[in-house]
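See structure below.
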Amino acid sequence: MAFWEVEKDAEVPEHSHMNEQIMHVMEGEFEFTLNGNTKVYGPGDVVLIASNVPHSGKALTPCKLMDVFSPTREEYK
């Protein structure tokens, strides 16, 4: 699990990884693009990200996010 406090207008460039991911928006509004489809997510929203699917995001407001990865990402150990 990883917890993030993201400043307004911060961007996550498009990327993908072998880990499956669950992103939970705890606070704020986060614009998220998954495999070319863009939506805005708010508190309580959850996004399921399959292995190797390209994704990116932008904080429209200050945000608190929680990510869960399976298997655990080595760089987060």
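Ordering of the structure tokens sets the chain letters (A, B, ...), residue numbers begin anew at 1 in every chain, and ligands are numbered from 1 in the order given.
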task: For region 36-40 of chain A, please output as a PyMOL selection string all residues within 10 Å (counting only C-alpha atoms; exclusion window: fewer than 6 positions along the same chain).
output: chain A and resi 14+29-30+53-60
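All residues of protein, DNA or RNA that reach within 10 Å of Thr61 (chain A), judged by only C-alpha atoms and not counting those fewer than 3 positions away in the chain, are Val6, Glu7, Lys8, Asp9, Ala10, Glu27, Gly28, Glu29, Phe30, Glu31, Gly42, Lys58 and Lys64 of chain A.
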I want to know what sits within 9 Å of Gly44 (chain A), based on only C-alpha atoms, with residues of the same chain fewer than 2 positions away left out; could you give that as a PDB file with N, CA and C atoms, in the first residue's frame?
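Contents of out.pdb, freshly written:
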ATOM      1  N   HIS A  24      -7.500   4.365  -4.774  1.00  0.00           N
ATOM      2  CA  HIS A  24      -8.646   4.849  -4.003  1.00  0.00           C
ATOM      3  C   HIS A  24      -8.450   6.341  -3.765  1.00  0.00           C
ATOM      4  N   VAL A  25      -9.410   7.155  -4.214  1.00  0.00           N
ATOM      5  CA  VAL A  25      -9.368   8.599  -3.961  1.00  0.00           C
ATOM      6  C   VAL A  25      -9.981   8.829  -2.584  1.00  0.00           C
ATOM      7  N   MET A  26      -9.170   9.310  -1.665  1.00  0.00           N
ATOM      8  CA  MET A  26      -9.632   9.544  -0.299  1.00  0.00           C
ATOM      9  C   MET A  26     -10.150  10.971  -0.124  1.00  0.00           C
ATOM     10  N   GLU A  27      -9.487  11.939  -0.784  1.00  0.00           N
ATOM     11  CA  GLU A  27      -9.904  13.345  -0.744  1.00  0.00           C
ATOM     12  C   GLU A  27      -9.556  13.994  -2.073  1.00  0.00           C
ATOM     13  N   TYR A  41     -12.447  11.447 -10.792  1.00  0.00           N
ATOM     14  CA  TYR A  41     -12.809  10.651  -9.624  1.00  0.00           C
ATOM     15  C   TYR A  41     -12.735  11.512  -8.372  1.00  0.00           C
ATOM     16  N   GLY A  42     -13.613  11.223  -7.410  1.00  0.00           N
ATOM     17  CA  GLY A  42     -13.664  11.970  -6.172  1.00  0.00           C
ATOM     18  C   GLY A  42     -13.637  11.051  -4.974  1.00  0.00           C
ATOM     19  N   VAL A  46     -12.967   4.297  -6.545  1.00  0.00           N
ATOM     20  CA  VAL A  46     -11.909   3.301  -6.666  1.00  0.00           C
ATOM     21  C   VAL A  46     -11.718   2.986  -8.144  1.00  0.00           C
TER      22      VAL A  46
END
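Going from CA of Ser70 (chain A) to CA of Pro43 (chain A) covers 22.6 Å.
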field: Residue list (strand (DSSP E), DSSP) for region 10-77 of chain A, as a VMD selection string
entry: chain A and resid 11 to 15 20 to 27 30 to 34 37 to 41 46 to 49 55 to 59 63 to 70
Quick one: write out the picked residues with N, CA and C atoms as a compact mmCIF listing (two decimals), in the first residue's frame?
# COMPACT_ATOMS: atom_id res chain seq x y z
N GLU A 11 0.96 16.23 -11.93
CA GLU A 11 0.65 15.24 -12.97
C GLU A 11 1.46 13.97 -12.79
N VAL A 12 0.83 12.86 -13.11
CA VAL A 12 1.51 11.57 -13.17
C VAL A 12 1.58 11.21 -14.64
N PRO A 13 2.78 11.18 -15.24
CA PRO A 13 2.88 10.88 -16.67
C PRO A 13 2.41 9.46 -16.99
N GLU A 14 2.00 9.27 -18.23
CA GLU A 14 1.53 7.95 -18.64
C GLU A 14 2.63 6.90 -18.42
N HIS A 15 2.22 5.77 -17.86
CA HIS A 15 3.14 4.67 -17.61
C HIS A 15 2.32 3.39 -17.46
N GLU A 20 -0.76 -5.35 -10.77
CA GLU A 20 -2.14 -4.88 -10.75
C GLU A 20 -2.21 -3.78 -9.70
N GLN A 21 -3.11 -2.83 -9.89
CA GLN A 21 -3.18 -1.68 -8.98
C GLN A 21 -4.63 -1.33 -8.69
N ILE A 22 -4.88 -0.94 -7.45
CA ILE A 22 -6.16 -0.35 -7.06
C ILE A 22 -5.86 1.04 -6.56
N MET A 23 -6.49 2.05 -7.14
CA MET A 23 -6.33 3.43 -6.68
C MET A 23 -7.62 3.86 -5.99
N HIS A 24 -7.50 4.36 -4.77
CA HIS A 24 -8.65 4.85 -4.00
C HIS A 24 -8.45 6.34 -3.77
N VAL A 25 -9.41 7.16 -4.21
CA VAL A 25 -9.37 8.60 -3.96
C VAL A 25 -9.98 8.83 -2.58
N MET A 26 -9.17 9.31 -1.67
CA MET A 26 -9.63 9.54 -0.30
C MET A 26 -10.15 10.97 -0.12
N GLU A 27 -9.49 11.94 -0.78
CA GLU A 27 -9.90 13.34 -0.74
C GLU A 27 -9.56 13.99 -2.07
N PHE A 30 -9.50 13.90 -8.82
CA PHE A 30 -8.35 13.42 -9.57
C PHE A 30 -8.80 12.98 -10.95
N GLU A 31 -8.24 13.61 -11.98
CA GLU A 31 -8.52 13.23 -13.36
C GLU A 31 -7.59 12.08 -13.73
N PHE A 32 -8.18 10.98 -14.14
CA PHE A 32 -7.39 9.76 -14.37
C PHE A 32 -7.69 9.21 -15.75
N THR A 33 -6.63 8.91 -16.50
CA THR A 33 -6.77 8.33 -17.83
C THR A 33 -6.28 6.89 -17.77
N LEU A 34 -7.16 5.97 -18.13
CA LEU A 34 -6.86 4.55 -18.12
C LEU A 34 -7.09 4.00 -19.51
N ASN A 37 -9.05 6.31 -21.80
CA ASN A 37 -10.34 6.82 -21.33
C ASN A 37 -10.14 7.67 -20.09
N THR A 38 -10.61 8.93 -20.14
CA THR A 38 -10.40 9.87 -19.04
C THR A 38 -11.69 10.11 -18.28
N LYS A 39 -11.59 10.07 -16.94
CA LYS A 39 -12.72 10.35 -16.05
C LYS A 39 -12.19 11.13 -14.85
N VAL A 40 -13.09 11.82 -14.17
CA VAL A 40 -12.74 12.51 -12.94
C VAL A 40 -13.30 11.71 -11.77
N TYR A 41 -12.45 11.45 -10.79
CA TYR A 41 -12.81 10.65 -9.62
C TYR A 41 -12.73 11.51 -8.37
N VAL A 46 -12.97 4.30 -6.55
CA VAL A 46 -11.91 3.30 -6.67
C VAL A 46 -11.72 2.99 -8.14
N VAL A 47 -10.46 2.87 -8.57
CA VAL A 47 -10.14 2.52 -9.95
C VAL A 47 -9.31 1.24 -9.93
N LEU A 48 -9.72 0.26 -10.72
CA LEU A 48 -8.98 -0.98 -10.87
C LEU A 48 -8.12 -0.89 -12.13
N ILE A 49 -6.83 -1.13 -11.97
CA ILE A 49 -5.89 -0.98 -13.08
C ILE A 49 -5.23 -2.34 -13.31
N HIS A 55 -1.65 4.21 -17.98
CA HIS A 55 -2.48 5.11 -17.20
C HIS A 55 -1.68 6.36 -16.80
N SER A 56 -2.43 7.44 -16.53
CA SER A 56 -1.83 8.71 -16.13
C SER A 56 -2.87 9.48 -15.32
N GLY A 57 -2.45 10.59 -14.71
CA GLY A 57 -3.41 11.34 -13.92
C GLY A 57 -2.99 12.76 -13.66
N LYS A 58 -3.95 13.56 -13.18
CA LYS A 58 -3.70 14.95 -12.81
C LYS A 58 -4.63 15.32 -11.66
N ALA A 59 -4.05 15.93 -10.63
CA ALA A 59 -4.84 16.38 -9.49
C ALA A 59 -5.54 17.70 -9.85
N CYS A 63 -5.17 16.41 -3.37
CA CYS A 63 -5.75 15.07 -3.25
C CYS A 63 -4.98 14.23 -2.24
N LYS A 64 -5.71 13.28 -1.66
CA LYS A 64 -5.10 12.20 -0.90
C LYS A 64 -5.53 10.91 -1.59
N LEU A 65 -4.54 10.11 -1.99
CA LEU A 65 -4.79 8.88 -2.72
C LEU A 65 -4.14 7.71 -1.99
N MET A 66 -4.74 6.54 -2.15
CA MET A 66 -4.14 5.31 -1.65
C MET A 66 -4.04 4.35 -2.83
N ASP A 67 -2.86 3.77 -3.02
CA ASP A 67 -2.64 2.76 -4.04
C ASP A 67 -2.32 1.44 -3.38
N VAL A 68 -2.86 0.37 -3.95
CA VAL A 68 -2.54 -0.99 -3.52
C VAL A 68 -2.03 -1.73 -4.75
N PHE A 69 -0.89 -2.39 -4.61
CA PHE A 69 -0.27 -3.09 -5.73
C PHE A 69 -0.17 -4.58 -5.44
N SER A 70 -0.39 -5.39 -6.47
CA SER A 70 -0.21 -6.83 -6.34
C SER A 70 0.45 -7.36 -7.62
